[in-house]
Structure formats: C-alpha cells, structure tokens
file query07.tsv (TSV, C-alpha atoms and all ligand atoms)
chain	number	residue	atom	x	y	z
A	1	MET	CA	-12.78	23.81	-1.83
A	2	THR	CA	-10.65	23.32	1.28
A	3	GLY	CA	-7.17	24.82	1.13
A	4	GLY	CA	-8.51	27.03	-1.66
A	5	ALA	CA	-6.42	30.02	-0.63
A	6	SER	CA	-3.10	28.72	-1.94
A	7	GLY	CA	-1.24	26.52	-4.41
A	8	ILE	CA	-3.20	23.68	-5.96
A	9	GLY	CA	-6.39	24.68	-4.13
A	10	ARG	CA	-6.21	28.18	-5.58
A	11	ALA	CA	-5.75	26.79	-9.11
A	12	VAL	CA	-8.69	24.40	-8.69
A	13	THR	CA	-10.83	27.24	-7.29
A	14	LEU	CA	-10.15	29.40	-10.35
A	15	SER	CA	-10.82	26.52	-12.76
A	16	LEU	CA	-14.06	25.45	-11.05
A	17	ALA	CA	-15.27	29.06	-11.03
A	18	GLN	CA	-14.46	29.32	-14.72
A	19	GLU	CA	-16.62	26.23	-15.28
A	20	GLY	CA	-19.54	28.07	-13.67
A	21	CYS	CA	-19.39	26.66	-10.14
A	22	THR	CA	-19.97	28.86	-7.12
A	23	VAL	CA	-16.85	27.99	-5.13
A	24	ILE	CA	-16.66	28.21	-1.34
A	25	ILE	CA	-13.00	28.96	-0.65
A	26	ALA	CA	-12.63	27.23	2.71
A	27	ASP	CA	-9.32	27.95	4.36
A	28	ILE	CA	-7.85	28.83	7.73
A	29	ASP	CA	-6.10	31.84	6.15
A	30	GLY	CA	-8.91	34.32	5.59
A	31	ALA	CA	-6.77	37.08	4.08
A	32	ALA	CA	-5.30	34.76	1.44
A	33	ALA	CA	-8.76	33.34	0.72
A	34	GLU	CA	-10.10	36.89	0.18
A	35	ARG	CA	-7.29	37.51	-2.33
A	36	VAL	CA	-8.29	34.39	-4.28
A	37	LEU	CA	-11.93	35.49	-4.13
A	38	ARG	CA	-10.93	38.80	-5.75
A	39	GLU	CA	-9.24	36.80	-8.53
A	40	VAL	CA	-12.42	34.76	-8.99
A	41	ASP	CA	-14.51	37.96	-9.10
A	42	GLY	CA	-12.06	39.57	-11.51
A	43	ALA	CA	-12.43	36.65	-13.90
A	44	GLY	CA	-16.23	36.94	-13.77
A	45	GLY	CA	-16.74	33.86	-11.55
A	46	LYS	CA	-18.70	33.35	-8.36
A	47	GLY	CA	-17.22	32.50	-5.00
A	48	GLU	CA	-17.40	32.96	-1.26
A	49	VAL	CA	-14.88	32.78	1.56
A	50	SER	CA	-15.36	30.57	4.58
A	51	VAL	CA	-12.67	30.77	7.24
A	52	VAL	CA	-12.52	27.31	8.75
A	53	ASP	CA	-10.09	24.99	10.48
A	54	VAL	CA	-10.60	21.52	9.01
A	55	THR	CA	-9.49	19.89	12.27
A	56	ASP	CA	-12.68	21.22	13.91
A	57	PHE	CA	-15.54	18.92	12.85
A	58	GLU	CA	-18.35	21.13	14.17
A	59	ALA	CA	-16.95	24.12	12.28
A	60	VAL	CA	-16.64	22.07	9.08
A	61	ARG	CA	-20.16	20.70	9.43
A	62	GLY	CA	-21.54	24.19	10.13
A	63	MET	CA	-19.84	25.50	6.98
A	64	MET	CA	-21.16	22.66	4.78
A	65	ASP	CA	-24.69	22.89	6.19
A	66	ALA	CA	-24.80	26.67	5.72
A	67	ALA	CA	-23.41	26.45	2.17
A	68	ALA	CA	-25.87	23.72	1.19
A	69	ARG	CA	-28.76	25.78	2.67
A	70	ARG	CA	-27.69	28.97	0.86
A	71	HIS	CA	-27.21	27.32	-2.51
A	72	ASP	CA	-29.69	24.49	-2.16
A	73	ARG	CA	-27.01	21.97	-3.10
A	74	LEU	CA	-23.47	20.80	-2.57
A	75	ASP	CA	-22.21	19.04	-5.67
A	76	ILE	CA	-18.44	18.92	-5.36
A	77	LEU	CA	-15.97	18.65	-2.49
A	78	VAL	CA	-12.26	19.05	-3.17
A	79	THR	CA	-9.87	18.78	-0.22
A	80	SER	CA	-6.43	20.34	-0.60
A	81	VAL	CA	-5.18	21.29	2.87
A	82	THR	CA	-1.64	20.75	4.05
A	83	LEU	CA	0.87	22.07	6.56
A	84	PRO	CA	3.75	24.32	5.46
A	85	PRO	CA	6.24	22.21	3.42
A	86	LYS	CA	8.95	21.90	6.08
A	87	ALA	CA	6.43	20.58	8.61
A	88	ASN	CA	5.85	17.63	6.26
A	89	TRP	CA	9.46	16.45	6.23
A	90	PRO	CA	10.15	14.62	9.49
A	91	GLY	CA	10.63	10.89	9.65
A	92	LEU	CA	8.86	8.97	12.38
A	93	MET	CA	11.95	8.78	14.57
A	94	ASP	CA	12.65	12.52	14.36
A	95	ALA	CA	9.09	13.74	14.81
A	96	SER	CA	7.63	14.59	18.20
A	97	LEU	CA	4.35	12.94	19.15
A	98	GLU	CA	2.67	16.35	18.77
A	99	GLU	CA	4.00	16.68	15.20
A	100	ILE	CA	2.73	13.20	14.34
A	101	LYS	CA	-0.70	13.93	15.81
A	102	ARG	CA	-0.87	17.32	14.07
A	103	SER	CA	-0.11	15.74	10.69
A	104	PHE	CA	-2.86	13.15	11.11
A	105	ASP	CA	-5.29	15.79	12.45
A	106	VAL	CA	-4.77	18.16	9.52
A	107	HIS	CA	-4.24	15.70	6.67
A	108	THR	CA	-6.33	12.66	7.58
A	109	MET	CA	-8.93	13.80	10.11
A	110	GLY	CA	-9.38	17.02	8.13
A	111	VAL	CA	-10.42	15.01	5.07
A	112	ALA	CA	-12.57	12.67	7.18
A	113	HIS	CA	-14.38	15.68	8.67
A	114	CYS	CA	-15.04	17.26	5.28
A	115	CYS	CA	-16.29	14.03	3.68
A	116	LYS	CA	-18.47	13.16	6.68
A	117	ALA	CA	-20.06	16.61	6.60
A	118	ALA	CA	-20.51	16.76	2.80
A	119	VAL	CA	-21.93	13.31	2.01
A	120	PRO	CA	-25.36	13.78	3.66
A	121	HIS	CA	-26.01	16.79	1.38
A	122	MET	CA	-24.88	14.88	-1.70
A	123	ARG	CA	-26.97	11.84	-0.75
A	124	LYS	CA	-30.06	14.04	-0.53
A	125	ARG	CA	-29.77	14.89	-4.22
A	126	GLY	CA	-28.28	11.58	-5.33
A	127	TYR	CA	-25.25	13.30	-6.83
A	128	GLY	CA	-21.77	14.16	-5.67
A	129	ARG	CA	-18.13	14.36	-6.64
A	130	ILE	CA	-15.40	14.16	-4.00
A	131	VAL	CA	-11.75	14.61	-4.95
A	132	ASN	CA	-9.12	14.40	-2.22
A	133	LEU	CA	-5.54	15.53	-2.75
A	134	GLY	CA	-3.37	12.61	-1.70
A	135	SER	CA	0.31	12.52	-2.50
A	136	LEU	CA	2.96	10.50	-4.23
A	137	ALA	CA	4.49	10.29	-0.73
A	138	ALA	CA	1.64	7.97	0.32
A	139	VAL	CA	2.62	5.53	-2.41
A	140	LEU	CA	6.40	5.76	-1.98
A	141	GLY	CA	6.46	6.09	1.82
A	142	GLY	CA	7.87	9.60	1.53
A	143	GLY	CA	11.42	9.89	0.35
A	144	MET	CA	11.09	12.93	-1.89
A	145	LEU	CA	9.91	16.03	-0.05
A	146	GLY	CA	7.56	14.35	2.41
A	147	GLY	CA	8.75	12.21	5.32
A	148	THR	CA	7.21	9.13	6.96
A	149	VAL	CA	4.72	11.08	9.04
A	150	TYR	CA	3.29	12.94	6.04
A	151	ALA	CA	3.32	9.73	3.96
A	152	ALA	CA	1.37	7.87	6.62
A	153	ALA	CA	-1.22	10.63	7.02
A	154	LYS	CA	-1.65	10.82	3.24
A	155	ALA	CA	-1.92	7.01	2.97
A	156	GLY	CA	-4.87	7.43	5.33
A	157	VAL	CA	-6.43	9.79	2.81
A	158	LEU	CA	-6.09	7.19	0.04
A	159	GLY	CA	-7.63	4.42	2.17
A	160	LEU	CA	-10.41	6.72	3.29
A	161	SER	CA	-11.18	7.78	-0.27
A	162	ARG	CA	-11.36	4.21	-1.52
A	163	GLY	CA	-13.44	2.97	1.42
A	164	LEU	CA	-15.87	5.88	1.19
A	165	ALA	CA	-16.17	5.33	-2.57
A	166	ARG	CA	-17.48	1.85	-1.79
A	167	GLU	CA	-19.87	3.17	0.90
A	168	VAL	CA	-21.49	5.74	-1.39
A	169	ALA	CA	-21.17	3.97	-4.75
A	170	LYS	CA	-24.93	3.46	-5.07
A	171	ASP	CA	-25.75	7.04	-4.06
A	172	GLY	CA	-24.55	8.76	-7.23
A	173	ILE	CA	-21.43	9.96	-5.43
A	174	THR	CA	-17.92	9.29	-6.66
A	175	VAL	CA	-14.82	9.57	-4.47
A	176	ASN	CA	-11.33	9.72	-5.94
A	177	ALA	CA	-7.87	10.92	-5.03
A	178	VAL	CA	-5.16	12.70	-6.99
A	179	ASN	CA	-1.54	11.99	-6.12
A	180	PRO	CA	0.82	14.75	-7.22
A	181	SER	CA	4.60	14.57	-7.06
A	182	LEU	CA	6.57	17.79	-6.52
A	183	ILE	CA	4.43	20.67	-7.77
A	184	GLU	CA	5.64	24.25	-8.09
A	185	THR	CA	3.68	26.35	-5.61
A	186	PRO	CA	4.58	29.71	-4.03
A	187	ARG	CA	5.21	27.93	-0.74
A	188	HIS	CA	7.52	25.34	-2.31
A	189	ALA	CA	9.45	28.08	-4.05
A	190	GLN	CA	10.64	29.17	-0.60
A	191	LEU	CA	12.39	25.81	-0.02
A	192	ASP	CA	16.12	25.21	-0.43
A	193	ASP	CA	17.20	24.26	-3.93
A	194	GLN	CA	18.94	21.04	-2.91
A	195	PRO	CA	15.97	18.94	-1.71
A	196	ARG	CA	13.90	20.23	-4.63
A	197	ALA	CA	16.61	19.25	-7.11
A	198	ARG	CA	16.83	15.79	-5.48
A	199	ALA	CA	13.07	15.33	-5.80
A	200	VAL	CA	13.01	16.49	-9.42
A	201	SER	CA	15.86	14.13	-10.32
A	202	ARG	CA	13.56	11.18	-9.54
A	203	VAL	CA	10.86	12.33	-11.96
A	204	PRO	CA	11.20	10.70	-15.42
A	205	MET	CA	10.00	13.95	-17.02
A	206	GLY	CA	12.81	15.74	-15.17
A	207	ARG	CA	10.73	18.61	-13.84
A	208	ALA	CA	8.25	19.61	-11.18
A	209	GLY	CA	4.58	19.77	-12.15
A	210	THR	CA	2.42	22.88	-12.27
A	211	VAL	CA	-0.70	23.60	-10.27
A	212	ASP	CA	-2.64	23.78	-13.53
A	213	GLU	CA	-1.58	20.24	-14.42
A	214	VAL	CA	-2.96	18.99	-11.09
A	215	SER	CA	-6.06	21.13	-11.43
A	216	ALA	CA	-6.85	19.56	-14.82
A	217	ALA	CA	-6.90	16.09	-13.24
A	218	VAL	CA	-9.06	17.29	-10.36
A	219	LEU	CA	-11.48	18.96	-12.75
A	220	PHE	CA	-11.95	15.77	-14.73
A	221	LEU	CA	-12.68	13.72	-11.60
A	222	ALA	CA	-15.05	16.45	-10.39
A	223	SER	CA	-16.94	16.55	-13.68
A	224	ARG	CA	-20.26	14.90	-14.59
A	225	GLU	CA	-18.37	13.05	-17.33
A	226	ALA	CA	-16.30	11.10	-14.76
A	227	SER	CA	-19.48	9.27	-13.70
A	228	PHE	CA	-18.00	5.74	-13.85
A	229	VAL	CA	-14.70	6.58	-12.18
A	230	THR	CA	-14.65	5.98	-8.44
A	231	GLY	CA	-12.35	4.58	-5.76
A	232	THR	CA	-9.25	5.32	-7.75
A	233	SER	CA	-6.25	7.57	-7.36
A	234	MET	CA	-4.76	9.37	-10.30
A	235	ALA	CA	-1.01	9.95	-10.31
A	236	VAL	CA	0.02	13.38	-11.61
A	237	ASP	CA	3.72	12.81	-11.16
A	238	GLY	CA	5.57	13.03	-14.48
A	239	GLY	CA	5.85	9.24	-14.57
A	240	THR	CA	7.48	8.75	-11.16
A	241	THR	CA	5.28	5.79	-10.25
A	242	MET	CA	5.06	4.12	-13.65
A	243	HIS	CA	5.93	0.49	-13.76
B	1	LIG	N1	2.65	21.05	-3.79
B	1	LIG	C1	3.10	19.82	-3.89
B	1	LIG	O1	4.20	19.56	-4.35
B	1	LIG	C2	2.23	18.67	-3.45
B	1	LIG	C3	2.66	17.37	-3.72
B	1	LIG	C4	1.87	16.29	-3.33
B	1	LIG	C5	0.68	16.51	-2.67
B	1	LIG	N2	0.28	17.77	-2.40
B	1	LIG	C6	-0.99	17.94	-1.68
B	1	LIG	O2	-1.82	18.83	-2.43
B	1	LIG	C7	-2.59	19.62	-1.54
B	1	LIG	C8	-2.31	21.10	-1.80
B	1	LIG	O3	-0.93	21.37	-1.59
B	1	LIG	P1	-0.32	22.81	-1.87
B	1	LIG	O4	1.12	22.62	-2.07
B	1	LIG	O5	-1.14	23.48	-2.88
B	1	LIG	O6	-0.55	23.46	-0.43
B	1	LIG	P2	-0.41	25.00	0.05
B	1	LIG	O7	0.50	24.97	1.23
B	1	LIG	O8	-0.10	25.92	-1.07
B	1	LIG	O9	-1.90	25.30	0.54
B	1	LIG	C9	-2.46	24.64	1.64
B	1	LIG	C10	-3.61	25.47	2.17
B	1	LIG	O10	-4.16	24.80	3.32
B	1	LIG	C11	-4.52	25.80	4.26
B	1	LIG	N3	-4.62	25.19	5.60
B	1	LIG	C12	-3.59	24.75	6.37
B	1	LIG	N4	-4.08	24.23	7.52
B	1	LIG	C13	-5.43	24.35	7.47
B	1	LIG	C14	-6.50	23.98	8.35
B	1	LIG	N5	-6.26	23.39	9.53
B	1	LIG	N6	-7.77	24.24	7.97
B	1	LIG	C15	-8.05	24.85	6.78
B	1	LIG	N7	-7.07	25.22	5.91
B	1	LIG	C16	-5.78	24.97	6.25
B	1	LIG	C17	-3.42	26.83	4.16
B	1	LIG	O11	-3.82	28.08	4.70
B	1	LIG	C18	-3.18	26.88	2.63
B	1	LIG	O12	-3.99	27.87	2.02
B	1	LIG	C19	-2.21	19.17	-0.13
B	1	LIG	O13	-3.13	18.21	0.32
B	1	LIG	C20	-0.83	18.57	-0.32
B	1	LIG	O14	-0.52	17.63	0.67
B	1	LIG	C21	1.02	18.86	-2.76

call {"tool": "encode", "arguments": {"input": "query07.tsv", "output": "structure tokens", "more": "lines below"}}
Ligand SMILES: NC(=O)c1ccc[n+]([C@@H]2O[C@H](COP(=O)([O-])OP(=O)(O)OC[C@H]3O[C@@H](n4cnc5c(N)ncnc54)[C@H](O)[C@@H]3O)[C@@H](O)[C@H]2O)c1
result
Amino acid sequence: MTGGASGIGRAVTLSLAQEGCTVIIADIDGAAAERVLREVDGAGGKGEVSVVDVTDFEAVRGMMDAAARRHDRLDILVTSVTLPPKANWPGLMDASLEEIKRSFDVHTMGVAHCCKAAVPHMRKRGYGRIVNLGSLAAVLGGGMLGGTVYAAAKAGVLGLSRGLAREVAKDGITVNAVNPSLIETPRHAQLDDQPRARAVSRVPMGRAGTVDEVSAAVLFLASREASFVTGTSMAVDGGTTMH
C-alpha cells in the first residue's frame, strides 16, 4: 500500500487489514506510517512499515521482493502517493521544468515502478489485484484542485493501468484505477476555503467525498470477487463526470 501513511492510503490500509490482509504501509514518511501501523495493531490487524521513495525503482523493487519473500506472496498492490496539495496546482505555463518533472516522477513513474516490481510476484502465483489511484483531474484536464501538470501525470496513470491490464490479462492479474474528485483528507483540510468551495460547487452531490467512500471502491476492485473487472477506471466523484 503505497502512500499508506495518510489520507486515502491510510483508509485503505485500515480496511484491507480489517479484511485480514497483512498490509505493508509503504511511504516516504516513516513516522506517519508508524502511526498508521499502531492503528492497524490497535484494531487487531497485521501490518508492517516500509519507508520507501517510489521514485527510486531499486528501492521499490527491493521492498516488493523482500515482502514477497517474507510472506511467500504478494496479492494486492494499491498505489496512493501524491505531492502536498498545493504542489499539484500549477498550470503548465506557471510550472517550472523541475516541478513538471517532479510531478511525473512521483505520480507516473512512481506507479510504473511499483507495478513493474509487483507483477513478477503476482505472475508467479497466477493471481494479482492492482488498483491505482488516478484522479478526476486526469479526465477533466484539471480545473478543480489539480492543475495541468497534475492532470497530465495522472492521465499517465490511467493509460498505464489500462495498458498493463491488457498485458497481464491472461495471468490472473487485474489492473484498475479509481478516480476520486475532491476528498476530505487532513492535508486538504489545510487548504484555503475558496478553492475548496469552488471545487465542491461543481459536484452534483454538492459535497466532498470521504476517504472511506474511496476506500470502499478500492476494496471492491482489490477483492477476489472483482475477477472479471480489469482495465477500467471507477469514478468516485459524486456524479461530477456523469453524462
Ligand atoms: N484527496 C483528494 O481529494 C484526491 C482527489 C483525487 C485523487 N487523489 C489521489 O489519491 C491518492 C491519495 O491522495 P491523498 O489525498 O490521500 O494523499 P495524501 O497527501 O494524504 O497522502 C499521500 C502520501 O504519499 C506519501 N508520499 C509522497 N511522496 C512520496 C514518495 N516519493 N514515495 C513514497 N510516498 C510518498 C506521503 O508521505 C503521504 O503519506 C493520490 O494518488 C492522489 O493523487 C486524491
């Protein structure tokens, strides 16, 4: 579970642990990941912390290989990493080249690294579930809280998920994405009210979503029961993209 130390990743971690999974909370923020691990322990679940930077492929591969060795399997990969909210706002014309590269490194390459490192372990057992957190921004081209740079990096995640789904379709592995709109997370709560209110005003349901609402969608796609669902992206956006 990458990005498992905060927000949606934390909620998914707690839900997966409740379902009986041993969850590797893989995050760059070790202290926050340890706090989530204590929550998992407190609820009677099983977890471990792995401090990792998803932009470093060798580190990601080392983590996946070690986890698969320790537990003899790697059934589910959920990717939920992002930069702090304000770093996801710039448009292409306002962003520096470093900001653009950083967004692609963290959002797109990070997911590519995790999938590339996880699939060989899933192929070995002929079973796997991959769920990548995309974003409504990828579909709309930004315009709510995310800007062009974030939207482009997240569109990469959607293309990657669909393409990989095709590559591994005969291996018992499904690959799907979940596209949330504005979701209430502790980090978003620190943002100014005005952009949040603007974003919420575009949601037919007239509110932000909760991390548990996103987690429920992720859990379904990560379940055995979702065995015939692959290469799709599920909108969890209060109806924003309905047509
Ligand atoms: N919250 C929303 O409104 C929203 C909306 C649409 C999409 N999303 C997507 O959902 C996912 C989760 O978002 P969130 O709001 O819960 O995020 P969050 O900011 O609460 O958590 C992101 C986590 O990623 C970790 N992280 C950052 N850089 C890392 C790196 N290089 N390596 C490893 N870990 C790193 C952070 O430490 C943090 O724990 C993201 O992919 C985000 O783009 C969120």

call {"tool": "residues_around", "arguments": {"input": "query07.tsv", "residues": "Ile25 in chain A", "least_positions_apart": "3", "cutoff": "9 Å", "atoms": "all atoms listed in the file", "output": "list in words"}}
result
Met1, Thr2, Gly3, Gly4, Ala5, Gly9, Arg10, Thr13, Ala33, Glu34, Val36, Leu37, Gly47, Glu48, Val49, Ser50 and Val51 of chain A

call {"tool": "residues_around", "arguments": {"input": "query07.tsv", "residues": "Arg61 in chain A", "least_positions_apart": "3", "cutoff": "10 Å", "atoms": "all atoms listed in the file", "output": "ChimeraX atom specification"}}
result
/A:54,56-58,64-67,113-118

call {"tool": "residues_around", "arguments": {"input": "query07.tsv", "residues": "Arg207 in chain A", "least_positions_apart": "6", "cutoff": "8 Å", "atoms": "all atoms listed in the file", "output": "PyMOL selection string"}}
result
chain A and resi 200-201+238

call {"tool": "residues_around", "arguments": {"input": "query07.tsv", "residues": "Gly231 in chain A", "least_positions_apart": "6", "cutoff": "8 Å", "atoms": "all atoms listed in the file", "output": "list of chain:residue names"}}
result
A:Ser161, A:Arg162, A:Gly163, A:Leu164, A:Ala165, A:Arg166, A:Thr174, A:Val175, A:Asn176, A:Ala177

call {"tool": "residues_near_ligand", "arguments": {"input": "query07.tsv", "ligand": "ligand LIG 1 (chain B)", "cutoff": "7 Å", "atoms": "all atoms listed in the file", "output": "compact mmCIF listing (two decimals) with C-alpha atoms, in the frame of the given file"}}
result
# COMPACT_ATOMS: atom_id res chain seq x y z
CA THR A 2 -10.65 23.32 1.28
CA GLY A 3 -7.17 24.82 1.13
CA GLY A 4 -8.51 27.03 -1.66
CA ALA A 5 -6.42 30.02 -0.63
CA SER A 6 -3.10 28.72 -1.94
CA GLY A 7 -1.24 26.52 -4.41
CA ILE A 8 -3.20 23.68 -5.96
CA GLY A 9 -6.39 24.68 -4.13
CA ALA A 26 -12.63 27.23 2.71
CA ASP A 27 -9.32 27.95 4.36
CA ILE A 28 -7.85 28.83 7.73
CA ASP A 29 -6.10 31.84 6.15
CA VAL A 52 -12.52 27.31 8.75
CA ASP A 53 -10.09 24.99 10.48
CA VAL A 54 -10.60 21.52 9.01
CA THR A 55 -9.49 19.89 12.27
CA THR A 79 -9.87 18.78 -0.22
CA SER A 80 -6.43 20.34 -0.60
CA VAL A 81 -5.18 21.29 2.87
CA THR A 82 -1.64 20.75 4.05
CA LEU A 83 0.87 22.07 6.56
CA PRO A 84 3.75 24.32 5.46
CA PRO A 85 6.24 22.21 3.42
CA VAL A 106 -4.77 18.16 9.52
CA HIS A 107 -4.24 15.70 6.67
CA LEU A 133 -5.54 15.53 -2.75
CA GLY A 134 -3.37 12.61 -1.70
CA SER A 135 0.31 12.52 -2.50
CA LEU A 136 2.96 10.50 -4.23
CA ASN A 179 -1.54 11.99 -6.12
CA PRO A 180 0.82 14.75 -7.22
CA SER A 181 4.60 14.57 -7.06
CA LEU A 182 6.57 17.79 -6.52
CA ILE A 183 4.43 20.67 -7.77
CA GLU A 184 5.64 24.25 -8.09
CA THR A 185 3.68 26.35 -5.61
CA PRO A 186 4.58 29.71 -4.03
CA ARG A 187 5.21 27.93 -0.74
CA HIS A 188 7.52 25.34 -2.31

call {"tool": "closest_residue", "arguments": {"input": "query07.tsv", "among": "A:Ala43, A:Ala197, A:Cys21, A:Leu92", "to": "Ala153 in chain A", "atoms": "all atoms listed in the file"}}
result
A:Leu92

call {"tool": "closest_residue", "arguments": {"input": "query07.tsv", "among": "A:Met234, A:Ala138, A:Leu74, A:Val12", "to": "Gly159 in chain A", "atoms": "all atoms listed in the file"}}
result
A:Ala138

call {"tool": "residues_around", "arguments": {"input": "query07.tsv", "residues": "Pro195 in chain A", "least_positions_apart": "3", "cutoff": "8 Å", "atoms": "all atoms listed in the file", "output": "list in words"}}
result
Met144, Leu145, Leu191, Asp192, Arg198 and Ala199 of chain A
